[in-house]
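Here is the file final-v4.csv (CSV, C-alpha atoms (C1' of nucleotides)).
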```csv
chain,number,residue,atom,x,y,z
C,754,MET,CA,15.7,50.3,-13.5
C,755,GLN,CA,15.1,47.4,-11.1
C,756,ILE,CA,16.3,44.0,-12.2
C,757,ALA,CA,15.5,41.1,-9.9
C,758,THR,CA,15.9,37.4,-9.3
C,759,TRP,CA,13.7,35.2,-7.2
C,760,ASN,CA,13.5,31.4,-6.7
C,761,ILE,CA,9.8,31.1,-6.0
C,762,ASN,CA,9.7,27.3,-5.4
C,763,GLY,CA,6.6,26.6,-7.5
C,764,ILE,CA,4.5,29.2,-9.3
C,765,LYS,CA,1.2,27.4,-8.3
C,766,ALA,CA,1.8,27.7,-4.6
C,767,ARG,CA,3.5,31.1,-4.8
C,768,LEU,CA,1.2,33.1,-7.1
C,769,PRO,CA,-0.4,35.3,-4.4
C,770,GLU,CA,3.0,36.2,-3.0
C,771,VAL,CA,4.5,37.0,-6.4
C,772,GLU,CA,1.5,39.1,-7.4
C,773,TYR,CA,1.7,41.0,-4.1
C,774,TRP,CA,5.4,41.6,-4.5
C,775,LEU,CA,5.1,42.8,-8.1
C,776,LYS,CA,2.4,45.3,-7.2
C,777,GLU,CA,4.4,46.5,-4.3
C,778,TYR,CA,7.8,47.1,-6.0
C,779,LYS,CA,7.0,47.1,-9.8
C,780,PRO,CA,10.4,45.9,-10.8
C,781,GLU,CA,11.1,46.3,-14.6
C,782,ILE,CA,12.6,42.8,-15.1
C,783,VAL,CA,12.2,39.7,-12.9
C,784,CYS,CA,14.0,36.4,-13.3
C,785,LEU,CA,12.0,33.6,-11.7
C,786,GLN,CA,13.4,30.1,-10.9
C,787,GLU,CA,11.8,26.8,-10.0
C,788,ILE,CA,8.5,27.7,-11.6
C,789,LYS,CA,7.8,23.9,-11.5
C,790,SER,CA,5.5,24.3,-14.4
C,791,ILE,CA,5.3,23.5,-18.1
C,792,ASP,CA,5.0,26.6,-20.3
C,793,GLU,CA,1.3,25.9,-21.0
C,794,ASN,CA,0.4,25.9,-17.3
C,795,PHE,CA,2.3,29.1,-16.4
C,796,PRO,CA,-0.3,31.7,-15.3
C,797,ARG,CA,1.0,34.3,-17.8
C,798,GLU,CA,-2.3,36.2,-18.0
C,799,VAL,CA,-1.9,37.2,-14.3
C,800,PHE,CA,1.4,38.9,-15.1
C,801,GLU,CA,0.3,40.3,-18.5
C,802,ASP,CA,-2.6,42.0,-16.7
C,803,LEU,CA,0.0,43.8,-14.5
C,804,GLY,CA,1.8,45.0,-17.7
C,805,TYR,CA,4.5,42.3,-17.9
C,806,ASN,CA,5.7,40.6,-21.0
C,807,VAL,CA,6.2,36.9,-20.1
C,808,GLU,CA,8.7,34.4,-21.5
C,809,THR,CA,9.1,30.9,-19.9
C,810,HIS,CA,11.3,27.9,-20.2
C,811,GLY,CA,9.4,25.3,-18.2
C,812,GLN,CA,9.3,21.6,-17.7
C,813,LYS,CA,7.0,19.2,-15.9
C,814,SER,CA,7.2,19.2,-12.1
C,815,PHE,CA,10.7,20.4,-11.6
C,816,ASN,CA,13.1,23.3,-12.4
C,817,GLY,CA,11.8,25.8,-14.9
C,818,VAL,CA,12.7,29.5,-15.3
C,819,ALA,CA,10.9,32.6,-16.6
C,820,ILE,CA,11.5,36.3,-17.2
C,821,LEU,CA,8.8,38.9,-16.6
C,822,SER,CA,9.5,42.3,-18.2
C,823,LEU,CA,7.8,45.6,-18.5
C,824,LEU,CA,10.1,46.2,-21.4
C,825,PRO,CA,9.4,44.4,-24.7
C,826,PHE,CA,11.8,41.5,-25.4
C,827,GLU,CA,13.9,42.1,-28.5
C,828,GLU,CA,15.2,38.5,-28.4
C,829,VAL,CA,14.7,35.4,-26.2
C,830,ASN,CA,17.0,32.4,-26.0
C,831,ARG,CA,16.2,29.2,-24.0
C,832,GLY,CA,18.6,26.6,-22.7
C,833,LEU,CA,22.3,26.8,-21.9
C,834,PRO,CA,24.3,25.8,-25.0
C,835,GLY,CA,26.9,23.1,-24.9
C,836,ASP,CA,25.1,19.9,-24.2
C,837,ASP,CA,22.2,18.8,-26.5
C,838,ALA,CA,21.5,15.9,-24.1
C,839,ASP,CA,20.6,18.3,-21.2
C,840,GLU,CA,16.9,18.4,-20.9
C,841,GLN,CA,16.6,20.3,-17.6
C,842,ALA,CA,15.0,23.8,-18.0
C,843,ARG,CA,17.5,26.0,-16.1
C,844,PHE,CA,18.3,28.9,-18.5
C,845,ILE,CA,16.6,31.8,-20.3
C,846,GLU,CA,18.1,34.9,-21.8
C,847,GLY,CA,16.3,38.1,-22.8
C,848,VAL,CA,17.7,41.0,-24.8
C,849,PHE,CA,16.2,44.5,-24.2
C,850,ASN,CA,16.7,48.0,-25.5
C,851,GLY,CA,17.7,50.6,-22.8
C,852,GLU,CA,16.6,54.2,-22.8
C,853,ASN,CA,19.4,55.2,-25.0
C,854,GLY,CA,18.5,52.5,-27.5
C,855,ALA,CA,21.6,50.4,-26.7
C,856,PRO,CA,20.9,46.7,-26.0
C,857,PHE,CA,21.4,45.0,-22.7
C,858,ARG,CA,21.0,41.4,-21.7
C,859,VAL,CA,19.5,39.6,-18.8
C,860,ALA,CA,19.9,35.9,-18.3
C,861,GLY,CA,18.0,34.0,-15.6
C,862,ILE,CA,19.6,30.8,-14.4
C,863,TYR,CA,18.8,28.0,-12.0
C,864,LEU,CA,22.2,26.5,-11.5
C,865,PRO,CA,22.1,22.8,-10.4
C,866,ASN,CA,22.3,22.1,-6.7
C,867,GLY,CA,24.8,19.2,-7.1
C,868,ASN,CA,24.1,17.3,-3.9
C,869,PRO,CA,24.9,14.6,-3.0
C,870,VAL,CA,28.4,15.1,-4.3
C,871,ASP,CA,29.1,11.3,-4.7
C,872,THR,CA,26.3,11.0,-7.3
C,873,PRO,CA,26.1,12.1,-10.9
C,874,LYS,CA,24.3,15.3,-9.7
C,875,PHE,CA,27.7,16.8,-8.7
C,876,PRO,CA,29.5,16.4,-12.1
C,877,TYR,CA,26.3,17.6,-13.7
C,878,LYS,CA,26.6,20.8,-11.7
C,879,LEU,CA,30.3,21.2,-12.5
C,880,GLY,CA,29.7,20.6,-16.2
C,881,TRP,CA,26.8,23.1,-16.2
C,882,MET,CA,29.1,25.7,-14.6
C,883,ASP,CA,31.8,25.0,-17.3
C,884,ARG,CA,29.1,25.6,-20.0
C,885,LEU,CA,28.0,28.8,-18.2
C,886,ILE,CA,31.7,30.0,-18.2
C,887,ASP,CA,32.0,29.3,-21.9
C,888,TRP,CA,28.7,31.0,-22.6
C,889,THR,CA,29.6,34.0,-20.5
C,890,ALA,CA,33.0,34.4,-22.2
C,891,GLU,CA,31.2,34.6,-25.5
C,892,ARG,CA,28.6,37.1,-24.4
C,893,LEU,CA,31.2,39.4,-22.8
C,894,LYS,CA,32.8,39.8,-26.2
C,895,LEU,CA,29.7,41.9,-27.1
C,896,GLU,CA,30.8,44.5,-24.4
C,897,GLU,CA,27.2,45.1,-23.5
C,898,PRO,CA,25.6,45.5,-20.1
C,899,LEU,CA,25.0,41.8,-19.1
C,900,ILE,CA,23.3,40.6,-15.9
C,901,VAL,CA,23.2,36.9,-15.2
C,902,ALA,CA,20.7,36.7,-12.4
C,903,GLY,CA,19.6,33.6,-10.6
C,904,ASP,CA,19.8,30.9,-8.0
C,905,TYR,CA,23.5,29.9,-8.4
C,906,ASN,CA,23.4,27.3,-5.6
C,907,ILE,CA,26.8,28.7,-4.7
C,908,ILE,CA,27.9,30.2,-1.3
C,909,PRO,CA,30.7,32.6,-2.5
C,910,GLU,CA,32.4,33.2,0.8
C,911,SER,CA,32.2,32.4,4.5
C,912,ILE,CA,30.4,35.6,5.2
C,913,ASP,CA,27.5,34.2,3.1
C,914,THR,CA,26.7,31.4,5.5
C,915,HIS,CA,25.8,31.4,9.2
C,916,SER,CA,28.3,28.5,9.6
C,917,HIS,CA,31.4,27.9,7.5
C,918,ASP,CA,32.0,24.6,9.2
C,919,ASP,CA,28.4,23.3,8.7
C,920,TRP,CA,28.5,24.1,5.0
C,921,TRP,CA,32.0,23.5,3.9
C,922,GLY,CA,32.1,20.3,1.7
C,923,ASP,CA,28.5,20.7,0.5
C,924,ALA,CA,28.1,21.0,-3.3
C,925,LEU,CA,27.2,24.7,-2.7
C,926,TYR,CA,30.4,25.4,-0.8
C,927,ARG,CA,33.5,23.4,-1.8
C,928,GLU,CA,36.5,23.9,-3.9
C,929,GLU,CA,35.4,22.5,-7.2
C,930,SER,CA,32.2,24.6,-7.2
C,931,LEU,CA,33.9,27.8,-5.9
C,932,GLU,CA,36.8,27.6,-8.4
C,933,ARG,CA,34.2,27.8,-11.2
C,934,PHE,CA,32.4,30.6,-9.6
C,935,ARG,CA,35.7,32.4,-9.3
C,936,ALA,CA,36.4,31.7,-13.0
C,937,LEU,CA,33.2,33.6,-13.8
C,938,GLN,CA,34.5,36.5,-11.7
C,939,ALA,CA,37.9,36.3,-13.4
C,940,LEU,CA,36.1,36.7,-16.8
C,941,GLY,CA,34.9,40.0,-15.5
C,942,MET,CA,31.5,39.2,-13.9
C,943,THR,CA,31.0,41.1,-10.6
C,944,ASP,CA,28.9,39.9,-7.7
C,945,GLY,CA,26.4,42.8,-7.6
C,946,LEU,CA,25.6,42.7,-3.9
C,947,ARG,CA,29.3,42.6,-2.9
C,948,ALA,CA,30.2,45.4,-5.2
C,949,ALA,CA,27.3,47.7,-4.4
C,950,ASN,CA,26.6,47.2,-0.7
C,951,ASN,CA,29.2,44.7,0.6
C,952,GLU,CA,27.1,43.6,3.5
C,953,GLN,CA,26.0,40.3,4.9
C,954,ALA,CA,22.7,39.3,3.5
C,955,TYR,CA,21.2,35.8,3.2
C,956,THR,CA,18.8,35.0,0.4
C,957,PHE,CA,17.8,31.5,1.5
C,958,TRP,CA,16.6,29.9,4.7
C,959,ASP,CA,15.7,26.2,4.8
C,960,PHE,CA,12.0,25.4,5.6
C,961,GLN,CA,13.3,22.9,8.2
C,962,ALA,CA,14.6,23.1,11.7
C,963,GLY,CA,13.6,26.6,12.4
C,964,ALA,CA,16.2,28.0,10.0
C,965,TRP,CA,14.3,31.2,9.5
C,966,ARG,CA,13.6,31.8,13.2
C,967,ARG,CA,17.3,31.2,14.0
C,968,ASN,CA,18.5,33.2,11.0
C,969,ASN,CA,20.4,30.2,9.7
C,970,GLY,CA,20.6,31.4,6.2
C,971,ILE,CA,22.9,31.4,3.2
C,972,ARG,CA,23.4,33.7,0.2
C,973,ILE,CA,23.1,31.7,-3.0
C,974,ASP,CA,21.0,34.0,-5.2
C,975,HIS,CA,23.2,36.4,-7.1
C,976,LEU,CA,23.2,39.2,-9.7
C,977,MET,CA,26.4,38.8,-11.6
C,978,CYS,CA,27.2,41.8,-13.7
C,979,SER,CA,29.5,42.6,-16.6
C,980,ALA,CA,31.7,45.7,-16.3
C,981,GLN,CA,29.2,47.7,-18.3
C,982,ALA,CA,26.3,46.7,-16.0
C,983,THR,CA,28.4,47.1,-12.8
C,984,ASP,CA,29.1,50.7,-13.9
C,985,MET,CA,25.4,51.4,-13.8
C,986,LEU,CA,24.6,49.4,-10.6
C,987,GLU,CA,23.6,51.7,-7.8
C,988,SER,CA,22.4,49.3,-5.1
C,989,VAL,CA,21.2,45.8,-4.4
C,990,GLU,CA,18.3,45.0,-2.0
C,991,VAL,CA,17.5,41.7,-0.5
C,992,HIS,CA,13.8,41.5,0.3
C,993,LYS,CA,14.2,39.5,3.4
C,994,ASP,CA,10.6,40.4,4.6
C,995,MET,CA,9.2,38.1,2.0
C,996,ARG,CA,10.5,35.1,3.9
C,997,GLY,CA,8.4,35.9,6.9
C,998,ARG,CA,5.1,36.1,5.1
C,999,GLU,CA,2.2,33.6,5.0
C,1000,LYS,CA,3.2,31.1,2.4
C,1001,PRO,CA,6.8,32.0,1.6
C,1002,SER,CA,9.3,30.5,-0.8
C,1003,ASP,CA,12.5,29.4,0.9
C,1004,HIS,CA,14.3,32.0,-1.2
C,1005,VAL,CA,13.7,35.8,-1.2
C,1006,PRO,CA,13.9,38.3,-4.0
C,1007,VAL,CA,17.3,40.0,-4.8
C,1008,VAL,CA,16.8,43.3,-6.6
C,1009,GLY,CA,19.4,45.4,-8.4
C,1010,ASN,CA,18.9,49.1,-9.0
C,1011,PHE,CA,20.5,50.2,-12.2
C,1012,SER,CA,20.9,53.7,-13.6
C,1013,PHE,CA,19.9,52.7,-17.1
J,786,DA,C1',20.8,15.7,10.0
J,787,DT,C1',20.3,9.1,8.2
J,788,DG,C1',15.5,15.4,5.2
J,789,DC,C1',13.7,17.7,11.6
J,790,DC,C1',9.5,20.7,6.0
J,791,DT,C1',7.5,21.9,1.7
J,792,DT,C1',6.6,21.4,-3.0
J,793,DA,C1',4.4,19.0,-7.3
J,794,DA,C1',2.1,15.3,-9.2
J,795,DA,C1',0.5,11.5,-8.6
J,796,DG,C1',-2.9,8.6,-6.5
J,797,DG,C1',-4.3,6.8,-1.2
J,798,DT,C1',2.4,7.9,-1.7
J,799,DT,C1',7.0,9.3,-3.7
J,800,DA,C1',10.8,12.2,-5.4
J,801,DA,C1',13.1,16.3,-5.0
J,802,DG,C1',15.1,20.2,-2.9
J,803,DA,C1',19.9,22.7,-0.5
```
Write out the structure in this file as structure tokens.
Amino acid sequence: MQIATWNINGIKARLPEVEYWLKEYKPEIVCLQEIKSIDENFPREVFEDLGYNVETHGQKSFNGVAILSLLPFEEVNRGLPGDDADEQARFIEGVFNGENGAPFRVAGIYLPNGNPVDTPKFPYKLGWMDRLIDWTAERLKLEEPLIVAGDYNIIPESIDTHSHDDWWGDALYREESLERFRALQALGMTDGLRAANNEQAYTFWDFQAGAWRRNNGIRIDHLMCSAQATDMLESVEVHKDMRGREKPSDHVPVVGNFSF
DNA sequence: ATGCCTTAAAGGTTAAGA
């Protein structure tokens, strides 16, 4: 089973690319971020025609997440718990039944960027991560396969950037952010690509300054897996080719191949 | 990079992104 995450940077502009990619790879479950659309305007029929069940958590203009699934949803939850005042659409969770009938969970997240760090955006990011840690700790008690997939806006290690010095200090790559990412790992969530392939692979290249041409990328899109999911993880592919196409997103799909 | 592009949504520009 292929479970994927992709920050598409606007469904309206990216629809042809997403459609092409779904037809090419037919992943069972896809978490999309930055749909930049309200639920009513999300082109769900396009995906339903391809056999996907569609659940969205959108908002006007910015953010917004969705899950596309060839499997029926047993349950859907929207919004990261822990702050009723948070109106940003950055979290959606789906529960599915595997081949053996046992449930597994996939959450799609768009973790706040947090820049600039001297503005409220940074404490918002840290608070969001604290809530994600709390939520993850609760879910892990279920001892189910759990995959939290998404744009984490976190560079885990120096190998995940073309330049440690250029990025260190940025909200994506500094102590306060990384200590929370490590807290997720300490709970038992495993970085899928590092565990399965352990290779350098960027998932984002800026639109500006020839970042793609110069391969100035960073790895910020992750498949974090509970022990039960990691046991069934066979490989992780980063679909780098999608960045070189006609109207690309600045992120590329990250796809996990699981044995369930 | 003091945003060097690209997006959405507005509205003849602005805010946001990482």
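Excluding range 789-803 of chain J itself and same-chain residues fewer than 2 positions from it, the residues having an atom within 6 Å of it are Ser814, Phe960, Gln961 and Ala962 of chain C, counting all atoms listed in the file.
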request  = Please provide the set of residues having any atom within 12 Å of range 945-952 of chain C, restricted to only C-alpha atoms (C1' of nucleotides), with same-chain residues fewer than 3 positions apart removed, written as a ChimeraX atom specification.
outcome  = /C:756-758,899-903,909-910,912-913,938,941-942,955-956,972-980,982-991,1007-1011
key: Proximal residues of chain C relative to chain J (all atoms listed in the file; 10 Å) as a list in words   = Asn762, Gly763, Lys765, Ala766, Lys789, Ser790, Lys813, Ser814, Phe815, Asn866, Gly867, Asn868, Pro869, Asn906, Asp923, Ala924, Leu925, Phe957, Trp958, Asp959, Phe960, Gln961, Ala962, Gly963, Ile971, Ile973, Ser1002 and Asp1003 of chain C
Considering all atoms listed in the file, return as a PDB file with C-alpha atoms, keeping the file's coordinate frame whatever protein or nucleic-acid residues lie within 10 Å of Glu827 in chain C, sequence-local ones (same chain, fewer than 6 positions apart) excluded.
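After the write, out_16.pdb holds the following:
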```pdb
ATOM      1  CA  GLY C 847      16.300  38.100 -22.800  1.00  0.00           C
ATOM      2  CA  VAL C 848      17.700  41.000 -24.800  1.00  0.00           C
ATOM      3  CA  PHE C 849      16.200  44.500 -24.200  1.00  0.00           C
ATOM      4  CA  ASN C 850      16.700  48.000 -25.500  1.00  0.00           C
ATOM      5  CA  PRO C 856      20.900  46.700 -26.000  1.00  0.00           C
ATOM      6  CA  PHE C 857      21.400  45.000 -22.700  1.00  0.00           C
ATOM      7  CA  ARG C 858      21.000  41.400 -21.700  1.00  0.00           C
TER       8      ARG C 858
END
```
key: Gap from CA of Gly804 in chain C to CA of Gly817 in chain C - Å, one decimal   =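 Pair CA of Gly804 in chain C / CA of Gly817 in chain C returns 21.8 Å.
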Neighbour list for range 769-786 of chain C as a count of residues only, cut-off 9 Å, all atoms listed in the file, skip fewer than 6 positions in-chain = 40
remark   = CA of Asn968 in chain C sits from CA of Asp944 in chain C at a separation of 22.4 Å
ask   = CA of Glu928 in chain C and CA of Ala964 in chain C, how far apart in Å?
value =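 CA of Glu928 in chain C lies 24.9 Å from CA of Ala964 in chain C.
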